[in-house]
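Visitor: Sharing entry29.txt below, compact mmCIF, C-alpha atoms and all ligand atoms:
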```
# COMPACT_ATOMS: atom_id res chain seq x y z
CA MET E 1 -1.05 -20.66 12.00
CA PRO E 2 1.79 -18.35 10.96
CA HIS E 3 3.89 -19.39 7.98
CA PRO E 4 6.85 -17.01 7.88
CA THR E 5 9.07 -16.96 4.84
CA TYR E 6 11.95 -15.61 6.94
CA THR E 7 12.46 -16.43 10.60
CA ASN E 8 15.87 -15.09 11.55
CA SER E 9 16.43 -11.34 11.92
CA ARG E 10 14.21 -8.94 13.87
CA ASP E 11 11.46 -6.95 12.15
CA ALA E 12 12.11 -3.23 11.81
CA LEU E 13 8.37 -2.82 11.32
CA LYS E 14 5.46 -5.21 11.73
CA ILE E 15 2.15 -4.19 10.17
CA ALA E 16 -0.90 -6.21 11.23
CA VAL E 17 -3.84 -6.27 8.80
CA LEU E 18 -7.01 -7.49 10.56
CA GLY E 19 -9.63 -8.72 8.10
CA ALA E 20 -6.86 -9.42 5.60
CA GLY E 21 -8.79 -12.17 3.80
CA GLY E 22 -11.52 -9.80 2.60
CA GLY E 23 -11.90 -7.65 -0.50
CA ILE E 24 -10.03 -4.67 0.93
CA GLY E 25 -7.68 -6.74 3.09
CA GLN E 26 -6.33 -8.84 0.20
CA SER E 27 -5.85 -5.91 -2.17
CA LEU E 28 -4.31 -3.75 0.55
CA SER E 29 -1.88 -6.53 1.48
CA LEU E 30 -0.88 -6.85 -2.19
CA LEU E 31 -0.23 -3.10 -2.41
CA LEU E 32 1.80 -3.13 0.81
CA LYS E 33 3.78 -6.18 -0.32
CA THR E 34 4.72 -4.44 -3.56
CA GLU E 35 4.78 -0.72 -2.73
CA LEU E 36 6.74 -1.04 0.52
CA HIS E 37 9.56 -2.85 -1.29
CA THR E 38 11.35 0.40 -2.14
CA THR E 39 10.75 1.69 1.41
CA CYS E 40 12.34 -1.50 2.83
CA VAL E 41 15.33 -1.19 0.55
CA ALA E 42 15.75 2.57 1.17
CA ALA E 43 15.52 2.14 4.94
CA ASP E 44 17.50 -1.12 4.86
CA ALA E 45 14.80 -2.53 7.09
CA ARG E 46 12.76 -5.71 7.32
CA VAL E 47 9.02 -5.10 7.02
CA HIS E 48 6.59 -7.86 8.02
CA ILE E 49 2.90 -7.91 7.09
CA ALA E 50 0.95 -10.13 9.49
CA MET E 51 -2.43 -11.00 7.96
CA TYR E 52 -5.30 -12.06 10.25
CA ASP E 53 -8.85 -13.10 9.37
CA VAL E 54 -11.53 -15.36 10.84
CA ASN E 55 -11.88 -16.83 7.34
CA ARG E 56 -8.92 -19.23 7.41
CA ASP E 57 -8.96 -20.26 3.75
CA ALA E 58 -9.21 -16.68 2.47
CA VAL E 59 -6.27 -15.42 4.53
CA ALA E 60 -4.10 -18.53 4.12
CA GLY E 61 -4.69 -18.47 0.37
CA ALA E 62 -3.99 -14.77 -0.01
CA ALA E 63 -0.85 -14.80 2.16
CA THR E 64 0.61 -17.89 0.46
CA ASP E 65 -0.10 -16.34 -2.93
CA LEU E 66 1.55 -13.05 -1.87
CA SER E 67 4.58 -14.86 -0.45
CA HIS E 68 5.51 -15.88 -4.02
CA ILE E 69 6.07 -12.22 -5.00
CA ASN E 70 9.78 -11.41 -4.88
CA THR E 71 9.82 -8.23 -2.82
CA ALA E 72 11.65 -7.50 0.43
CA VAL E 73 8.40 -7.33 2.41
CA TYR E 74 7.45 -10.66 3.96
CA VAL E 75 4.06 -11.99 4.88
CA THR E 76 2.60 -14.33 7.53
CA TRP E 77 -0.98 -15.44 8.04
CA HIS E 78 -2.94 -16.08 11.21
CA ALA E 79 -6.43 -17.51 11.60
CA PRO E 80 -8.43 -19.57 14.06
CA GLU E 81 -8.28 -23.16 12.78
CA ALA E 82 -8.33 -26.64 14.21
CA GLY E 83 -4.96 -27.45 15.71
CA SER E 84 -3.63 -23.89 15.58
CA GLY E 85 -2.10 -22.20 18.63
CA PRO E 86 -4.46 -20.87 21.27
CA ASP E 87 -4.57 -17.31 20.02
CA PRO E 88 -3.76 -16.52 16.39
CA LEU E 89 -4.86 -12.90 16.92
CA ALA E 90 -2.18 -12.55 19.62
CA ALA E 91 0.45 -14.01 17.28
CA CYS E 92 -0.56 -11.56 14.58
CA LEU E 93 -0.56 -8.51 16.86
CA ARG E 94 2.45 -9.16 19.09
CA GLY E 95 5.17 -6.64 18.20
CA ALA E 96 3.05 -4.77 15.64
CA GLN E 97 3.55 -1.00 15.62
CA LEU E 98 0.94 -0.40 12.94
CA VAL E 99 -2.48 -2.09 12.84
CA VAL E 100 -4.87 -1.61 9.92
CA ILE E 101 -8.47 -2.84 10.33
CA PRO E 102 -10.60 -3.59 7.26
CA ALA E 103 -12.48 -6.38 9.14
CA GLY E 104 -16.24 -6.12 8.96
CA VAL E 105 -19.36 -6.50 6.89
CA PRO E 106 -19.81 -4.35 3.76
CA ARG E 107 -23.08 -2.80 2.55
CA LYS E 108 -25.61 -4.25 0.12
CA PRO E 109 -27.91 -2.09 -2.06
CA GLY E 110 -30.57 -0.35 0.04
CA MET E 111 -28.42 -0.25 3.18
CA THR E 112 -26.73 2.74 4.78
CA ARG E 113 -23.35 2.53 6.47
CA ASP E 114 -25.16 3.08 9.77
CA ASP E 115 -27.03 -0.22 9.22
CA LEU E 116 -23.65 -1.94 9.71
CA PHE E 117 -23.04 -0.37 13.11
CA ALA E 118 -24.19 -3.18 15.43
CA ILE E 119 -22.37 -6.03 13.67
CA ASN E 120 -19.20 -4.10 12.91
CA ALA E 121 -19.02 -2.53 16.39
CA SER E 122 -18.94 -6.02 17.85
CA ILE E 123 -16.11 -7.05 15.46
CA VAL E 124 -14.15 -3.87 16.20
CA LYS E 125 -14.57 -4.36 19.96
CA THR E 126 -13.20 -7.91 19.78
CA LEU E 127 -10.23 -6.78 17.74
CA SER E 128 -9.50 -3.75 19.92
CA GLN E 129 -9.48 -5.97 23.01
CA GLY E 130 -6.81 -8.01 21.22
CA ILE E 131 -4.83 -4.86 20.39
CA ALA E 132 -5.05 -3.66 24.01
CA ALA E 133 -3.86 -7.05 25.23
CA HIS E 134 -0.97 -7.59 22.81
CA CYS E 135 0.27 -4.20 21.51
CA ASP E 136 2.00 -1.38 23.33
CA LEU E 137 -0.64 1.37 23.17
CA SER E 138 1.94 4.11 23.64
CA ARG E 139 3.80 2.98 20.49
CA THR E 140 1.21 1.46 18.16
CA PHE E 141 -0.79 3.31 15.50
CA VAL E 142 -4.25 1.92 14.66
CA LEU E 143 -6.02 2.76 11.39
CA LEU E 144 -9.70 1.86 11.05
CA ILE E 145 -11.39 1.24 7.69
CA SER E 146 -14.55 -0.64 8.79
CA ASN E 147 -17.87 1.21 8.48
CA PRO E 148 -19.49 3.29 9.76
CA VAL E 149 -16.14 5.02 10.37
CA ASN E 150 -17.84 8.05 11.98
CA SER E 151 -19.21 5.95 14.85
CA LEU E 152 -16.70 3.09 15.00
CA VAL E 153 -13.61 5.21 15.68
CA PRO E 154 -15.19 6.29 19.01
CA VAL E 155 -15.95 2.62 19.80
CA LEU E 156 -12.34 1.69 18.97
CA VAL E 157 -10.81 4.48 21.08
CA GLU E 158 -13.12 3.83 24.04
CA THR E 159 -12.53 0.07 23.99
CA LEU E 160 -8.75 0.52 23.78
CA VAL E 161 -8.81 2.94 26.71
CA VAL E 162 -10.84 0.56 28.90
CA ALA E 163 -9.25 -2.73 27.80
CA GLY E 164 -5.77 -1.17 27.88
CA GLY E 165 -6.19 0.13 31.44
CA HIS E 166 -3.46 -2.23 32.67
CA GLN E 167 -0.94 -0.42 30.44
CA ARG E 168 -1.51 2.79 32.44
CA VAL E 169 -1.60 4.99 29.35
CA THR E 170 -3.77 8.10 29.36
CA PRO E 171 -6.84 8.32 27.10
CA GLN E 172 -5.00 11.12 25.24
CA THR E 173 -2.06 8.82 24.53
CA VAL E 174 -4.46 6.33 22.96
CA ALA E 175 -6.46 8.97 21.05
CA ARG E 176 -3.25 10.41 19.58
CA ARG E 177 -2.59 7.15 17.73
CA VAL E 178 -6.01 5.97 16.51
CA PHE E 179 -7.40 7.22 13.19
CA GLY E 180 -10.33 6.51 10.88
CA LEU E 181 -9.60 6.38 7.16
CA THR E 182 -11.46 8.95 5.05
CA GLN E 183 -8.84 9.08 2.29
CA LEU E 184 -11.09 7.36 -0.25
CA ASP E 185 -13.22 10.51 -0.41
CA ALA E 186 -10.17 12.58 -1.35
CA VAL E 187 -9.15 9.98 -3.94
CA ARG E 188 -12.65 10.12 -5.46
CA ALA E 189 -12.81 13.94 -5.39
CA SER E 190 -9.45 14.11 -7.15
CA ALA E 191 -10.47 11.55 -9.80
CA PHE E 192 -13.82 13.23 -10.51
CA LEU E 193 -12.32 16.74 -10.72
CA HIS E 194 -9.52 15.55 -13.00
CA GLU E 195 -12.17 14.15 -15.34
CA ALA E 196 -14.43 17.24 -15.15
CA LEU E 197 -11.56 19.65 -15.96
CA GLY E 198 -10.19 17.41 -18.74
CA LEU E 199 -6.68 17.60 -17.27
CA LEU E 200 -3.70 15.80 -18.77
CA PRO E 201 -2.80 12.33 -17.40
CA GLY E 202 0.36 13.66 -15.72
CA GLN E 203 -1.49 16.44 -13.91
CA SER E 204 -2.15 14.90 -10.56
CA VAL E 205 -4.94 16.78 -8.77
CA ARG E 206 -5.35 16.93 -5.00
CA VAL E 207 -8.68 17.92 -3.47
CA PRO E 208 -8.87 18.30 0.31
CA VAL E 209 -11.89 16.61 1.90
CA VAL E 210 -12.86 17.15 5.55
CA GLY E 211 -15.71 16.16 7.90
CA GLY E 212 -16.61 12.49 8.14
CA HIS E 213 -17.12 9.43 5.95
CA SER E 214 -20.77 9.18 5.00
CA GLY E 215 -23.14 11.20 2.81
CA HIS E 216 -23.43 14.83 3.88
CA THR E 217 -20.63 14.54 6.45
CA ILE E 218 -18.21 14.31 3.49
CA VAL E 219 -17.14 17.87 2.62
CA PRO E 220 -15.00 18.14 -0.53
CA LEU E 221 -13.20 21.49 -0.84
CA PHE E 222 -12.97 21.82 -4.61
CA SER E 223 -12.12 25.53 -4.31
CA GLN E 224 -8.82 24.47 -2.67
CA ALA E 225 -7.84 21.89 -5.29
CA VAL E 226 -4.24 21.97 -6.51
CA VAL E 227 -2.07 20.42 -9.20
CA GLY E 228 1.40 20.34 -7.67
CA THR E 229 1.71 23.86 -6.21
CA ASP E 230 -0.71 25.42 -8.74
CA LYS E 231 -4.09 26.43 -7.39
CA LEU E 232 -7.09 25.50 -9.55
CA GLN E 233 -9.56 27.97 -8.03
CA GLU E 234 -10.35 29.82 -11.28
CA ARG E 235 -10.73 26.68 -13.34
CA VAL E 236 -12.93 25.10 -10.70
CA ARG E 237 -15.13 28.22 -10.56
CA SER E 238 -15.44 28.18 -14.36
CA LEU E 239 -17.25 24.83 -14.10
CA GLY E 240 -20.27 26.72 -12.75
CA PRO E 241 -22.41 26.05 -9.65
CA ASP E 242 -24.50 23.21 -11.13
CA VAL E 243 -21.52 21.12 -12.23
CA LEU E 244 -19.78 21.81 -8.91
CA SER E 245 -22.77 20.75 -6.90
CA GLN E 246 -23.03 17.54 -8.99
CA LEU E 247 -19.35 16.86 -8.26
CA VAL E 248 -19.91 17.35 -4.52
CA ASN E 249 -22.90 15.01 -4.61
CA ARG E 250 -20.93 12.38 -6.52
CA VAL E 251 -18.17 12.42 -3.90
CA GLN E 252 -20.65 12.33 -1.00
CA PHE E 253 -22.48 9.36 -2.52
CA GLY E 254 -19.61 7.73 -4.46
CA GLY E 255 -19.84 4.70 -2.19
CA ASP E 256 -23.45 4.10 -3.33
CA GLU E 257 -22.31 4.17 -6.97
CA VAL E 258 -20.02 1.18 -6.31
CA VAL E 259 -22.53 -0.67 -4.09
CA LYS E 260 -25.12 -0.37 -6.87
CA ALA E 261 -22.70 -1.54 -9.57
CA LYS E 262 -21.66 -4.56 -7.45
CA ASN E 263 -25.34 -5.42 -7.10
CA GLY E 264 -25.18 -7.25 -3.77
CA ALA E 265 -21.53 -8.37 -3.98
CA GLY E 266 -20.28 -5.72 -1.53
CA SER E 267 -18.87 -2.21 -1.67
CA ALA E 268 -15.68 -0.48 -2.84
CA THR E 269 -12.60 -2.64 -2.27
CA LEU E 270 -9.99 -1.75 -4.90
CA SER E 271 -10.22 2.04 -4.62
CA MET E 272 -10.33 1.70 -0.83
CA ALA E 273 -7.26 -0.52 -0.82
CA TYR E 274 -5.47 2.07 -3.00
CA ALA E 275 -6.45 4.87 -0.57
CA ALA E 276 -5.54 2.80 2.50
CA ALA E 277 -2.17 1.85 1.01
CA GLN E 278 -1.32 5.56 0.57
CA VAL E 279 -2.03 6.27 4.23
CA THR E 280 -0.43 3.07 5.55
CA ARG E 281 2.72 3.76 3.57
CA GLY E 282 2.95 7.22 5.15
CA PHE E 283 2.75 5.71 8.64
CA ALA E 284 5.27 3.01 7.70
CA GLU E 285 7.73 5.68 6.53
CA LEU E 286 7.18 7.59 9.77
CA LEU E 287 7.85 4.49 11.87
CA LEU E 288 10.90 3.53 9.82
CA GLY E 289 12.35 7.04 10.19
CA VAL E 290 12.16 7.74 6.44
CA ARG E 291 10.17 10.87 7.33
CA GLU E 292 9.84 12.97 10.49
CA GLU E 293 6.25 14.08 10.05
CA LEU E 294 3.14 12.93 8.26
CA GLN E 295 0.46 15.30 7.01
CA ASP E 296 -2.81 13.55 6.36
CA THR E 297 -6.54 14.10 6.67
CA LEU E 298 -7.91 11.50 9.07
CA TYR E 299 -10.90 10.99 11.40
CA VAL E 300 -9.70 11.49 14.96
CA ASN E 301 -10.66 12.37 18.51
CA VAL E 302 -9.81 16.09 18.43
CA GLY E 303 -11.96 16.50 21.56
CA ALA E 304 -9.35 14.73 23.68
CA PHE E 305 -6.90 17.63 23.26
CA ALA E 306 -6.72 21.32 23.98
CA PHE E 307 -5.97 22.40 20.43
CA GLY E 308 -7.29 25.89 21.15
CA GLU E 309 -10.28 28.07 20.53
CA GLN E 310 -9.91 27.98 16.73
CA VAL E 311 -10.40 24.20 16.55
CA THR E 312 -13.23 24.20 19.12
CA GLN E 313 -15.07 26.93 17.23
CA LEU E 314 -14.62 25.18 13.92
CA THR E 315 -15.79 21.79 15.19
CA GLN E 316 -18.33 23.31 17.59
CA GLY E 317 -16.90 21.06 20.27
CA LEU E 318 -17.47 17.85 18.28
CA PRO E 319 -15.22 15.15 19.74
CA TYR E 320 -14.55 13.26 16.48
CA VAL E 321 -14.04 14.71 13.00
CA SER E 322 -11.80 14.28 9.96
CA LEU E 323 -9.32 17.16 9.59
CA PRO E 324 -5.86 17.75 8.10
CA LEU E 325 -3.41 16.66 10.80
CA ALA E 326 0.29 16.72 11.53
CA ILE E 327 1.47 13.43 13.01
CA SER E 328 4.88 12.48 14.39
CA ARG E 329 6.10 9.13 15.72
CA ASP E 330 4.65 10.26 19.05
CA GLY E 331 1.20 10.56 17.50
CA LEU E 332 -1.09 13.44 16.65
CA GLN E 333 0.66 16.79 17.11
CA ALA E 334 -1.43 19.50 15.46
CA VAL E 335 -4.63 20.23 13.56
CA ASP E 336 -4.51 22.44 10.48
CA THR E 337 -7.40 24.93 10.33
CA GLN E 338 -6.10 27.17 7.54
CA TRP E 339 -8.51 25.62 5.03
CA ALA E 340 -11.44 26.97 7.08
CA GLN E 341 -10.42 30.57 6.42
CA LYS E 342 -10.53 29.99 2.65
CA LEU E 343 -13.93 28.30 2.28
CA ALA E 344 -16.18 29.26 -0.63
CA PRO E 345 -19.73 30.26 0.48
CA GLU E 346 -21.21 26.91 -0.67
CA GLU E 347 -18.52 25.00 1.20
CA ARG E 348 -19.38 26.93 4.40
CA LYS E 349 -22.94 25.59 4.10
CA LEU E 350 -21.68 22.04 3.50
CA TRP E 351 -19.53 22.27 6.61
CA ALA E 352 -22.51 23.44 8.72
CA VAL E 353 -24.60 20.47 7.51
CA CYS E 354 -21.73 18.09 8.23
CA ILE E 355 -21.33 19.33 11.82
CA GLN E 356 -25.07 19.04 12.42
CA GLU E 357 -25.16 15.47 11.10
CA LEU E 358 -22.12 14.36 13.10
CA GLN E 359 -23.64 15.93 16.22
CA THR E 360 -26.74 13.75 15.91
CA ALA E 361 -25.71 10.47 14.22
CA VAL E 362 -22.66 9.55 16.33
CA PRO E 363 -24.28 10.07 19.79
CA GLN E 364 -27.26 7.97 18.63
CA HIS E 365 -24.91 5.05 18.11
CA GLN E 366 -23.23 5.67 21.44
CA GLU E 367 -26.64 5.41 23.13
CA GLN E 368 -27.28 2.18 21.21
CA GLN E 369 -24.04 0.83 22.72
CA SER E 370 -24.81 1.64 26.34
P1 LIG C 1 -15.25 -8.22 2.99
O1 LIG C 1 -16.47 -8.92 3.47
O2 LIG C 1 -14.76 -8.51 1.62
O3 LIG C 1 -14.04 -8.47 4.00
C1 LIG C 1 -14.18 -8.35 5.37
C2 LIG C 1 -13.30 -9.40 6.02
O4 LIG C 1 -13.40 -9.24 7.43
C3 LIG C 1 -13.72 -10.85 5.70
O5 LIG C 1 -12.64 -11.57 5.16
C4 LIG C 1 -14.15 -11.41 7.05
O6 LIG C 1 -13.87 -12.77 7.21
C5 LIG C 1 -13.31 -10.54 7.99
N1 LIG C 1 -13.80 -10.53 9.36
C6 LIG C 1 -15.05 -10.50 9.82
N2 LIG C 1 -15.06 -10.54 11.17
C7 LIG C 1 -13.77 -10.59 11.56
C8 LIG C 1 -13.12 -10.66 12.82
N3 LIG C 1 -13.79 -10.67 13.97
N4 LIG C 1 -11.78 -10.70 12.83
C9 LIG C 1 -11.07 -10.70 11.68
N5 LIG C 1 -11.64 -10.65 10.46
C10 LIG C 1 -12.96 -10.60 10.41
O7 LIG C 1 -15.54 -6.65 3.16
P2 LIG C 1 -14.71 -5.43 2.51
O8 LIG C 1 -15.32 -5.07 1.22
O9 LIG C 1 -13.26 -5.74 2.57
O10 LIG C 1 -15.09 -4.25 3.54
C11 LIG C 1 -14.67 -4.28 4.87
C12 LIG C 1 -15.20 -3.08 5.63
O11 LIG C 1 -14.63 -1.86 5.13
C13 LIG C 1 -16.71 -2.89 5.53
O12 LIG C 1 -17.23 -2.55 6.80
C14 LIG C 1 -16.87 -1.72 4.57
O13 LIG C 1 -18.06 -1.01 4.77
C15 LIG C 1 -15.66 -0.89 4.95
N6 LIG C 1 -15.23 0.09 3.94
C16 LIG C 1 -14.76 1.29 4.42
C17 LIG C 1 -14.31 2.25 3.54
C18 LIG C 1 -13.77 3.56 4.04
O14 LIG C 1 -13.64 4.49 3.24
N7 LIG C 1 -13.41 3.69 5.29
C19 LIG C 1 -14.34 1.99 2.15
C20 LIG C 1 -14.79 0.77 1.71
C21 LIG C 1 -15.26 -0.19 2.62
C1 LIG C 2 -17.26 3.76 0.34
O1 LIG C 2 -17.32 4.97 0.48
O2 LIG C 2 -17.13 3.24 -0.79
C2 LIG C 2 -17.28 2.87 1.54
O3 LIG C 2 -17.58 3.58 2.70
C3 LIG C 2 -18.15 1.67 1.38
C4 LIG C 2 -19.61 1.99 1.33
O4 LIG C 2 -20.38 1.34 2.06
O5 LIG C 2 -20.04 2.84 0.54
```
Would you mind writing the file out in structure tokens?

Guide:
Amino acid sequence: MPHPTYTNSRDALKIAVLGAGGGIGQSLSLLLKTELHTTCVAADARVHIAMYDVNRDAVAGAATDLSHINTAVYVTWHAPEAGSGPDPLAACLRGAQLVVIPAGVPRKPGMTRDDLFAINASIVKTLSQGIAAHCDLSRTFVLLISNPVNSLVPVLVETLVVAGGHQRVTPQTVARRVFGLTQLDAVRASAFLHEALGLLPGQSVRVPVVGGHSGHTIVPLFSQAVVGTDKLQERVRSLGPDVLSQLVNRVQFGGDEVVKAKNGAGSATLSMAYAAAQVTRGFAELLLGVREELQDTLYVNVGAFAFGEQVTQLTQGLPYVSLPLAISRDGLQAVDTQWAQKLAPEERKLWAVCIQELQTAVPQHQEQQS
């Protein structure tokens, strides 16, 4: 049942968080409630976070708790419960222009992300049917966090296309607005490199990461790391090949590090919420007109578009991959391939392994579905 704090004026932006009662969902909602305050004030706009979860107590508790924080962002909660309206998912989604999905089961030690495919695909299908029924697919952005991202983004796009058939939007229109979140890998790569180079606290490093979101599909490009506009190529090279390869491995298997430390209590939630909040804020600013274009690295259906020979060659025709993108309010506009011309020899090999793995793992799941 929704419990709005404000009920009068119209929302300038409604963000639906599906799976908002979970580890990522709660932390992400907190970050949006606090970090979007300045965006609301700057844009003089009302932002509404609609939190949905099948776990009624978790989402009701989190949303009520958040509603006591004095920021301009307001929160409602929605969950199936005795006596609630017929469709709390519909109430959560109606009017949303941005939907973030952290709903799903996390890993336990000994599991791979792929082991989550069957259960999480069924959750994502249910939620995407709700999105297709209640959101305008030509105007809504959907960001998927649930694992395995590499195989669930295709499930999400395909379900939206089929279930949204009545909206008469083209598959390209849908694909332009649906993205898988791989930002946590870039956050990790930046944190680990900062530590390895012994940089000062104020020196904020950015490491591009492309490919996918699991093991060897994660390709960190340490040779293209920057601090502000300064390139770090020489300093990165000075670390030597062994240290660099350990850093790559740590990013590729950073998720396992957290799963092991949590010892059965789930996987990364706080760092993921931090990463997801960065991306969600970018989309919120785009939708509120605070910015004209968003540049982000996200997992997307590049195969749905004729981006040209350069992209096809680079991805070897792979339909889904995580690449640096330019996104406008109308959705995906362009793919940046400049990074591919500047790859170090080791990074070229990592990219080849990534392509090979994405070419085999994702179709296997698609067969499992049919
Ligand atoms: P969690 O178990 O703490 O939370 C998941 C929430 O989803 C729960 O509250 C649960 O009730 C809810 N849920 C389940 N089915 C639902 C449905 N049909 N509708 C609405 N809500 C539903 O798990 P978590 O730690 O928050 O992780 C969530 C997912 O995110 C996992 O699949 C995990 O592997 C993935 N993850 C992805 C990344 C990434 O980089 N993309 C990083 C970390 C975790
Ligand atoms: C991560 O990278 O931390 C997430 O994908 C969660 C996981 O299962 O490792």

Visitor: Skipping near chain neighbours, those fewer than 2 positions away, what residues fall within 12 Å of E:Thr170 using all atoms listed in the file, listed as a VMD selection string?

Guide: chain E and resid 137 to 138 157 to 158 160 to 162 164 to 168 172 to 177 304 to 305

Visitor: Identify, counting all atoms listed in the file, the protein, DNA and RNA residues located within 8 Å of ligand LIG 1 (chain C), and give them as a PyMOL selection string.

Guide: chain E and resi 18-26+52-55+58-59+102-107+113+116+120+122-124+126-127+144-149+180-185+213+255+266-269+271-272

Visitor: For atom CA of E:Leu221 and atom CA of E:Pro208, quote the distance in Å rounded to one decimal.

Guide: 5.5 Å

Visitor: Find the residue from E:Arg348, E:His134, E:Lys342, E:Arg281 that sits nearest to E:His37; use all atoms listed in the file when measuring.

Guide: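 With all atoms listed in the file as the atom set, the closest residue is E:Arg281.
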
Visitor: Between E:Ala63, E:Leu89, E:Val251, E:Ala16, which residue has the minimum interatomic distance to ligand LIG 2 (chain C), considering all atoms listed in the file?

Guide: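 The closest residue to ligand LIG 2 (chain C) is E:Val251.
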
Visitor: Report as a PyMOL selection string all protein, DNA and RNA residues lying within 6 Å of stretch 187-197 of chain E, evaluated on only C-alpha atoms, omitting residues in the same chain fewer than 6 positions from it.

Guide: chain E and resi 205-207+251

Visitor: Pick out the closest residue to ligand LIG 2 (chain C) from this set: E:Ala45, E:Val75, E:Ala261, E:Val17. Count all atoms listed in the file.

Guide: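 That would be E:Ala261, the residue with the smallest distance to ligand LIG 2 (chain C).
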
Visitor: Can you tell me how far atom CA of E:Val321 sits from atom CA of E:Pro154, in Å to one decimal?

Guide: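 Separation between atom CA of E:Val321 and atom CA of E:Pro154: 10.4 Å.
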
Visitor: Closest to ligand LIG 2 (chain C) among E:Val258, E:Ala225, E:Val47, E:Ile101, using only C-alpha atoms and all ligand atoms?

Guide: E:Val258
